[in-house]
Amino acid sequence: MDVKPVRVAAIASGKGGVGKTSFSINLAEALSRAGNRVLLMDADFNLANVHLMLGQTPEQTIADVMAGRCSIADTFLPGPAEVKVVPGVRGGGDLAGIDGSSLLSLIQSVDDIAGEVDILLLDTAGGLRERDMRLVAAASDVMVLVTPDKVTIADTADYIRTLRLQYGVQHFNVVTNMVRSQREGSQLIQALQSQIGFDHDLVIRHAGTLPYDPAVRKASDRAMTLFQTSPDSKVCRGMRSIADGMNQQSRVYYPRGGMTFFFENQVLAGGC
């Protein structure tokens with residue numbers, strides 16, 4: 001029987017401080033509430049925060065999977081709305097020397113859950129570190145968060161250009177986060193495109209706009225999601241819209257299943 005391929009979406013950013021982990025958690029819940037079986041993996045190999053923001057204390061982490069000490073399913077923690085969570089580790093630790101072969105073992109571990117997950121969300125590290133960018137480039141969907149300040153716009157433009165020129169990524173879904181209005185979100189996209197410059201092979205899709213809302217931080221401080229504390233908020237409506245867009249968006253690439261959930265050649269090419 002054919003196994004339905006897992007859609008792998010990397011949540012990325014050109015720098016830290018743009019709300020990426022909070023976005024990843026709430027998007028995972030929105031996708032799950034929309035009928036998807038969602039696995040959220042903390043793929044920030046230095047400052048893993050997903051389990052902290054959910055108030056969890058993991059016994060086994062992604063480091064144990066990559067070291068062969070357990071299966072990926074052994075690490076699962078219960079997330080909101082039936083989301084499954086694979087916790088990461090903080091401070092690098094066992095993952096300090098991670099290379100292409102280690103990343104490939106992670107890909108192989110995803111093979112173990114084929115048929116149990118529809119969407120795998122990777123909460124990745126921000127910035128231009130080669131190891132992290134290879135993991136982002138290996139995903140079938142790349143979603144980049146940007147906030148309305150000059151430094152973040154410049155860093156995001158550099159990040160997208162690097163993924164395009166060095167790793168061959170052509171399609172980007174950009175979420176404008178912490179904005180004051182839809183108009184500011186549109187202006188932010190225009191500013192980003194202006195800094196990136198012209199590339200006829202580059203496709204930037206504005207995947208959605210999320211307003212600034214202090215309730216997001218307050219929910220996180222209580223180890224809760226915004227859907228649990230403020231389900232009717234504008235941010236939650238925006239999250240639902242982004243999740244609906246992901247469900248409706250046609251997939252340019254359908255992997256065959258198993259090892260090709262990721263583009264493993266992108267992970268291994270040139271090492272990490």
# chains A, B, ... in the order shown; residues from 1 in each chain; ligands from 1
call {"tool": "residues_around", "arguments": {"residues": "Ala48 in chain A", "least_positions_apart": "3", "cutoff": "9 Å", "atoms": "only C-alpha atoms", "output": "list in words"}}
result
Asp42, Ala43, Asp44, Phe45, His51, Leu52, Pro87, Gly88, Val89, Arg90, Gly91, Gly92, Asp123, Thr124 and Ala125 of chain A
call {"tool": "write_last_selection", "arguments": {"atoms": "all heavy atoms", "output": "CSV table (one decimal), in the first residue's frame"}}
result
chain,number,residue,atom,x,y,z
A,42,ASP,N,11.3,20.5,17.2
A,42,ASP,CA,12.2,21.6,17.5
A,42,ASP,C,13.5,21.3,16.9
A,42,ASP,O,14.3,20.5,17.4
A,42,ASP,CB,12.3,21.7,19.1
A,42,ASP,CG,12.9,23.1,19.5
A,42,ASP,OD1,13.7,23.6,18.7
A,42,ASP,OD2,12.5,23.6,20.6
A,43,ALA,N,13.8,22.0,15.8
A,43,ALA,CA,15.1,21.7,15.1
A,43,ALA,C,16.0,22.9,15.2
A,43,ALA,O,16.9,23.1,14.4
A,43,ALA,CB,14.7,21.5,13.6
A,44,ASP,N,15.9,23.6,16.3
A,44,ASP,CA,16.9,24.6,16.7
A,44,ASP,C,17.9,23.9,17.6
A,44,ASP,O,17.6,23.6,18.7
A,44,ASP,CB,16.3,25.8,17.4
A,44,ASP,CG,17.3,26.9,17.7
A,44,ASP,OD1,18.5,26.6,17.8
A,44,ASP,OD2,16.8,28.1,17.9
A,45,PHE,N,19.1,23.6,17.0
A,45,PHE,CA,20.0,22.7,17.7
A,45,PHE,C,20.9,23.4,18.7
A,45,PHE,O,21.8,22.8,19.3
A,45,PHE,CB,21.0,22.1,16.6
A,45,PHE,CG,20.2,21.2,15.6
A,45,PHE,CD1,20.5,21.5,14.3
A,45,PHE,CD2,19.3,20.3,16.0
A,45,PHE,CE1,19.8,20.7,13.3
A,45,PHE,CE2,18.7,19.5,15.1
A,45,PHE,CZ,18.9,19.7,13.7
A,51,HIS,N,9.6,23.1,24.0
A,51,HIS,CA,9.1,22.4,25.2
A,51,HIS,C,9.0,23.4,26.4
A,51,HIS,O,8.1,23.2,27.2
A,51,HIS,CB,10.0,21.2,25.6
A,51,HIS,CG,11.4,21.6,25.9
A,51,HIS,ND1,12.4,21.9,25.0
A,51,HIS,CD2,12.0,21.7,27.1
A,51,HIS,CE1,13.5,22.1,25.6
A,51,HIS,NE2,13.3,22.0,26.9
A,52,LEU,N,9.9,24.4,26.4
A,52,LEU,CA,9.8,25.4,27.5
A,52,LEU,C,8.5,26.2,27.4
A,52,LEU,O,7.9,26.5,28.4
A,52,LEU,CB,11.0,26.3,27.4
A,52,LEU,CG,12.4,25.7,27.7
A,52,LEU,CD1,13.5,26.7,27.6
A,52,LEU,CD2,12.4,25.1,29.1
A,87,PRO,N,10.9,17.2,21.2
A,87,PRO,CA,11.6,18.3,21.8
A,87,PRO,C,13.1,18.3,21.4
A,87,PRO,O,13.7,17.3,21.1
A,87,PRO,CB,11.5,17.9,23.3
A,87,PRO,CG,11.3,16.5,23.3
A,87,PRO,CD,10.5,16.1,22.1
A,88,GLY,N,13.7,19.5,21.4
A,88,GLY,CA,15.1,19.7,21.2
A,88,GLY,C,15.9,19.8,22.4
A,88,GLY,O,15.4,19.5,23.5
A,89,VAL,N,17.1,20.2,22.3
A,89,VAL,CA,18.0,20.4,23.4
A,89,VAL,C,18.6,21.8,23.4
A,89,VAL,O,18.6,22.4,22.4
A,89,VAL,CB,19.2,19.4,23.4
A,89,VAL,CG1,18.7,18.0,23.6
A,89,VAL,CG2,20.0,19.5,22.1
A,90,ARG,N,18.9,22.3,24.6
A,90,ARG,CA,19.4,23.7,24.7
A,90,ARG,C,21.0,23.6,24.9
A,90,ARG,O,21.5,22.7,25.5
A,90,ARG,CB,18.8,24.4,25.9
A,90,ARG,CG,17.3,24.6,25.6
A,90,ARG,CD,16.7,25.4,26.8
A,90,ARG,NE,17.4,26.7,27.0
A,90,ARG,CZ,17.1,27.8,26.3
A,90,ARG,NH1,16.2,27.7,25.3
A,90,ARG,NH2,17.7,28.9,26.5
A,91,GLY,N,21.6,24.7,24.3
A,91,GLY,CA,23.0,24.8,24.5
A,91,GLY,C,23.9,24.0,23.6
A,91,GLY,O,25.1,23.9,23.8
A,92,GLY,N,23.3,23.4,22.6
A,92,GLY,CA,24.1,22.5,21.6
A,92,GLY,C,24.3,21.1,22.2
A,92,GLY,O,23.7,20.2,21.6
A,123,ASP,N,10.7,23.8,13.6
A,123,ASP,CA,11.0,25.1,14.1
A,123,ASP,C,12.5,25.2,14.1
A,123,ASP,O,13.2,24.7,14.9
A,123,ASP,CB,10.4,25.2,15.5
A,123,ASP,CG,10.8,26.5,16.2
A,123,ASP,OD1,10.9,27.5,15.4
A,123,ASP,OD2,10.9,26.6,17.4
A,124,THR,N,13.0,25.9,13.1
A,124,THR,CA,14.5,25.9,12.9
A,124,THR,C,15.1,27.2,13.5
A,124,THR,O,14.5,28.1,14.0
A,124,THR,CB,14.8,26.0,11.4
A,124,THR,OG1,14.3,27.2,10.8
A,124,THR,CG2,14.1,24.8,10.7
A,125,ALA,N,16.5,27.1,13.6
A,125,ALA,CA,17.2,28.2,14.1
A,125,ALA,C,17.3,29.4,13.2
A,125,ALA,O,17.3,29.2,11.9
A,125,ALA,CB,18.7,27.8,14.4
call {"tool": "select_by_dssp", "arguments": {"residues": "range 144-233 of chain A", "states": "strand (DSSP E or B)", "output": "ChimeraX atom specification"}}
result
/A:144-146,171-179,203-211
call {"tool": "write_last_selection", "arguments": {"atoms": "all heavy atoms", "output": "compact mmCIF listing (two decimals), in the first residue's frame"}}
result
# COMPACT_ATOMS: atom_id res chain seq x y z
N VAL A 144 9.01 31.87 5.95
CA VAL A 144 9.92 32.81 6.59
C VAL A 144 9.13 33.91 7.29
O VAL A 144 8.23 34.51 6.69
CB VAL A 144 10.88 33.43 5.56
CG1 VAL A 144 11.84 34.40 6.24
CG2 VAL A 144 11.67 32.34 4.83
N LEU A 145 9.47 34.17 8.55
CA LEU A 145 8.84 35.24 9.31
C LEU A 145 9.68 36.51 9.22
O LEU A 145 10.91 36.45 9.31
CB LEU A 145 8.68 34.85 10.78
CG LEU A 145 7.31 34.28 11.18
CD1 LEU A 145 7.09 32.93 10.52
CD2 LEU A 145 7.20 34.17 12.70
N VAL A 146 9.00 37.65 9.09
CA VAL A 146 9.68 38.93 9.07
C VAL A 146 8.85 39.93 9.87
O VAL A 146 7.62 39.89 9.84
CB VAL A 146 9.93 39.43 7.63
CG1 VAL A 146 8.61 39.62 6.88
CG2 VAL A 146 10.75 40.71 7.60
N HIS A 171 10.99 28.96 -3.92
CA HIS A 171 9.66 29.36 -3.44
C HIS A 171 9.71 29.64 -1.93
O HIS A 171 10.17 28.81 -1.14
CB HIS A 171 8.64 28.26 -3.72
CG HIS A 171 8.38 28.05 -5.18
ND1 HIS A 171 9.20 27.28 -5.96
CD2 HIS A 171 7.40 28.51 -5.98
CE1 HIS A 171 8.74 27.27 -7.20
NE2 HIS A 171 7.65 28.01 -7.24
N PHE A 172 9.22 30.81 -1.55
CA PHE A 172 9.18 31.22 -0.16
C PHE A 172 7.78 31.71 0.19
O PHE A 172 7.18 32.48 -0.55
CB PHE A 172 10.17 32.36 0.10
CG PHE A 172 11.61 31.96 -0.06
CD1 PHE A 172 12.21 32.00 -1.32
CD2 PHE A 172 12.36 31.54 1.02
CE1 PHE A 172 13.54 31.64 -1.49
CE2 PHE A 172 13.70 31.18 0.86
CZ PHE A 172 14.28 31.23 -0.39
N ASN A 173 7.28 31.24 1.32
CA ASN A 173 6.04 31.76 1.89
C ASN A 173 6.44 32.69 3.04
O ASN A 173 7.04 32.24 4.02
CB ASN A 173 5.16 30.63 2.41
CG ASN A 173 4.69 29.72 1.30
OD1 ASN A 173 3.90 30.13 0.46
ND2 ASN A 173 5.19 28.49 1.27
N VAL A 174 6.14 33.97 2.90
CA VAL A 174 6.57 34.95 3.89
C VAL A 174 5.38 35.38 4.75
O VAL A 174 4.31 35.74 4.23
CB VAL A 174 7.20 36.18 3.22
CG1 VAL A 174 7.56 37.24 4.25
CG2 VAL A 174 8.45 35.76 2.43
N VAL A 175 5.56 35.32 6.06
CA VAL A 175 4.55 35.78 7.01
C VAL A 175 5.05 37.08 7.64
O VAL A 175 6.15 37.13 8.20
CB VAL A 175 4.29 34.74 8.11
CG1 VAL A 175 3.34 35.30 9.17
CG2 VAL A 175 3.72 33.46 7.51
N THR A 176 4.27 38.14 7.51
CA THR A 176 4.59 39.40 8.16
C THR A 176 4.00 39.38 9.56
O THR A 176 2.79 39.28 9.74
CB THR A 176 4.07 40.59 7.34
OG1 THR A 176 2.68 40.38 7.01
CG2 THR A 176 4.84 40.71 6.03
N ASN A 177 4.87 39.48 10.55
CA ASN A 177 4.46 39.27 11.94
C ASN A 177 4.62 40.56 12.75
O ASN A 177 5.47 41.40 12.46
CB ASN A 177 5.32 38.16 12.56
CG ASN A 177 4.76 37.65 13.87
OD1 ASN A 177 3.55 37.68 14.09
ND2 ASN A 177 5.63 37.17 14.74
N MET A 178 3.76 40.71 13.76
CA MET A 178 3.81 41.84 14.70
C MET A 178 3.62 43.18 13.99
O MET A 178 4.31 44.16 14.29
CB MET A 178 5.12 41.84 15.50
CG MET A 178 5.39 40.57 16.27
SD MET A 178 6.93 40.72 17.23
CE MET A 178 7.23 39.01 17.68
N VAL A 179 2.70 43.24 13.04
CA VAL A 179 2.45 44.49 12.32
C VAL A 179 1.21 45.18 12.89
O VAL A 179 0.41 44.58 13.62
CB VAL A 179 2.26 44.23 10.81
CG1 VAL A 179 3.51 43.58 10.23
CG2 VAL A 179 1.04 43.36 10.55
N VAL A 203 10.21 33.12 -6.24
CA VAL A 203 8.78 33.33 -6.00
C VAL A 203 8.58 33.61 -4.51
O VAL A 203 8.89 32.77 -3.67
CB VAL A 203 7.94 32.11 -6.42
CG1 VAL A 203 6.46 32.35 -6.10
CG2 VAL A 203 8.12 31.81 -7.90
N ILE A 204 8.08 34.79 -4.21
CA ILE A 204 7.77 35.16 -2.82
C ILE A 204 6.27 35.32 -2.70
O ILE A 204 5.68 36.18 -3.35
CB ILE A 204 8.50 36.45 -2.41
CG1 ILE A 204 10.01 36.21 -2.39
CG2 ILE A 204 8.03 36.90 -1.03
CD1 ILE A 204 10.81 37.42 -2.01
N ARG A 205 5.66 34.50 -1.88
CA ARG A 205 4.22 34.55 -1.66
C ARG A 205 3.96 35.10 -0.26
O ARG A 205 4.53 34.63 0.72
CB ARG A 205 3.63 33.14 -1.78
CG ARG A 205 2.17 33.02 -1.38
CD ARG A 205 1.66 31.60 -1.54
NE ARG A 205 0.33 31.44 -0.97
CZ ARG A 205 0.10 31.01 0.27
NH1 ARG A 205 1.10 30.70 1.07
NH2 ARG A 205 -1.14 30.89 0.72
N HIS A 206 3.11 36.12 -0.18
CA HIS A 206 2.73 36.66 1.11
C HIS A 206 1.69 35.73 1.73
O HIS A 206 0.52 35.72 1.35
CB HIS A 206 2.17 38.07 0.94
CG HIS A 206 1.99 38.80 2.24
ND1 HIS A 206 1.44 40.07 2.32
CD2 HIS A 206 2.32 38.47 3.52
CE1 HIS A 206 1.42 40.46 3.58
NE2 HIS A 206 1.94 39.50 4.32
N ALA A 207 2.13 34.90 2.68
CA ALA A 207 1.29 33.85 3.22
C ALA A 207 0.30 34.35 4.26
O ALA A 207 -0.68 33.65 4.58
CB ALA A 207 2.14 32.74 3.83
N GLY A 208 0.53 35.55 4.81
CA GLY A 208 -0.39 36.06 5.81
C GLY A 208 0.24 37.15 6.66
O GLY A 208 1.46 37.32 6.68
N THR A 209 -0.62 37.89 7.34
CA THR A 209 -0.21 38.97 8.22
C THR A 209 -0.76 38.72 9.61
O THR A 209 -1.93 38.37 9.77
CB THR A 209 -0.72 40.33 7.69
OG1 THR A 209 -0.02 40.66 6.50
CG2 THR A 209 -0.50 41.44 8.71
N LEU A 210 0.09 38.89 10.62
CA LEU A 210 -0.33 38.72 12.01
C LEU A 210 -0.04 40.01 12.77
O LEU A 210 1.08 40.54 12.70
CB LEU A 210 0.43 37.56 12.66
CG LEU A 210 0.20 36.17 12.04
CD1 LEU A 210 1.13 35.16 12.69
CD2 LEU A 210 -1.25 35.74 12.18
N PRO A 211 -1.03 40.54 13.49
CA PRO A 211 -0.82 41.79 14.22
C PRO A 211 -0.01 41.59 15.49
O PRO A 211 0.06 40.47 16.03
CB PRO A 211 -2.25 42.23 14.55
CG PRO A 211 -3.00 40.94 14.67
CD PRO A 211 -2.40 40.02 13.64
call {"tool": "closest_atom_pairs", "arguments": {"of": "range 36-154 of chain A", "to": "range 11-20 of chain A", "cutoff": "10 Å", "atoms": "only C-alpha atoms", "output": "JSON lines"}}
result
{"residue": "A:Ala43", "atom": "CA", "partner": "A:Ile11", "partner_atom": "CA", "distance": 9.6}
{"residue": "A:Leu121", "atom": "CA", "partner": "A:Ile11", "partner_atom": "CA", "distance": 7.0}
{"residue": "A:Leu122", "atom": "CA", "partner": "A:Ile11", "partner_atom": "CA", "distance": 5.8}
{"residue": "A:Asp123", "atom": "CA", "partner": "A:Ile11", "partner_atom": "CA", "distance": 5.2}
{"residue": "A:Thr124", "atom": "CA", "partner": "A:Ala12", "partner_atom": "CA", "distance": 5.7}
{"residue": "A:Ala125", "atom": "CA", "partner": "A:Ala12", "partner_atom": "CA", "distance": 6.9}
{"residue": "A:Gly126", "atom": "CA", "partner": "A:Lys15", "partner_atom": "CA", "distance": 4.7}
{"residue": "A:Gly127", "atom": "CA", "partner": "A:Gly14", "partner_atom": "CA", "distance": 4.7}
{"residue": "A:Leu128", "atom": "CA", "partner": "A:Gly14", "partner_atom": "CA", "distance": 7.0}
{"residue": "A:Asp132", "atom": "CA", "partner": "A:Ala12", "partner_atom": "CA", "distance": 9.5}
{"residue": "A:Met133", "atom": "CA", "partner": "A:Ala12", "partner_atom": "CA", "distance": 9.0}
{"residue": "A:Val136", "atom": "CA", "partner": "A:Ala12", "partner_atom": "CA", "distance": 7.3}
{"residue": "A:Ala139", "atom": "CA", "partner": "A:Ile11", "partner_atom": "CA", "distance": 9.7}
{"residue": "A:Asp141", "atom": "CA", "partner": "A:Ile11", "partner_atom": "CA", "distance": 8.7}
{"residue": "A:Val142", "atom": "CA", "partner": "A:Ile11", "partner_atom": "CA", "distance": 6.4}
{"residue": "A:Met143", "atom": "CA", "partner": "A:Ile11", "partner_atom": "CA", "distance": 5.0}
{"residue": "A:Val144", "atom": "CA", "partner": "A:Ala12", "partner_atom": "CA", "distance": 4.8}
{"residue": "A:Leu145", "atom": "CA", "partner": "A:Ser13", "partner_atom": "CA", "distance": 5.3}
{"residue": "A:Val146", "atom": "CA", "partner": "A:Val18", "partner_atom": "CA", "distance": 6.5}
{"residue": "A:Thr147", "atom": "CA", "partner": "A:Val18", "partner_atom": "CA", "distance": 6.1}
{"residue": "A:Pro148", "atom": "CA", "partner": "A:Val18", "partner_atom": "CA", "distance": 9.5}
{"residue": "A:Val151", "atom": "CA", "partner": "A:Lys15", "partner_atom": "CA", "distance": 9.0}
{"residue": "A:Thr152", "atom": "CA", "partner": "A:Lys15", "partner_atom": "CA", "distance": 6.7}
{"residue": "A:Ile153", "atom": "CA", "partner": "A:Gly14", "partner_atom": "CA", "distance": 8.4}
{"residue": "A:Ala154", "atom": "CA", "partner": "A:Gly14", "partner_atom": "CA", "distance": 8.5}
call {"tool": "atom_distance", "arguments": {"atom1": "CA of Val235 in chain A", "atom2": "CA of Leu202 in chain A"}}
result
28.2 Å
call {"tool": "closest_residue", "arguments": {"among": "A:Ser140, A:Asp64, A:Gly197, A:Gln187", "to": "Asp158 in chain A", "atoms": "only C-alpha atoms"}}
result
A:Gly197
call {"tool": "residues_around", "arguments": {"residues": "range 21-28 of chain A", "least_positions_apart": "6", "cutoff": "7 Å", "atoms": "only C-alpha atoms", "output": "list in words"}}
result
Ile11, Val38, Leu40, Val50, Val83, Asp123, Thr225, Leu226, Met239 and Ala243 of chain A
call {"tool": "select_by_dssp", "arguments": {"residues": "range 47-261 of chain A", "states": "helix (DSSP H, G or I)", "output": "number ranges by chain"}}
result
A: 50-53, 62-66, 72-75, 80-82, 93-95, 100-111, 130-138, 150-167, 182-196, 214-221, 226-229, 234-248, 258-261
call {"tool": "closest_residue", "arguments": {"among": "A:Ala63, A:Ala191, A:Ile119, A:Leu163", "to": "Lys150 in chain A", "atoms": "only C-alpha atoms"}}
result
A:Ala191
call {"tool": "atom_distance", "arguments": {"atom1": "CA of Ala30 in chain A", "atom2": "CA of Arg240 in chain A"}}
result
5.6 Å
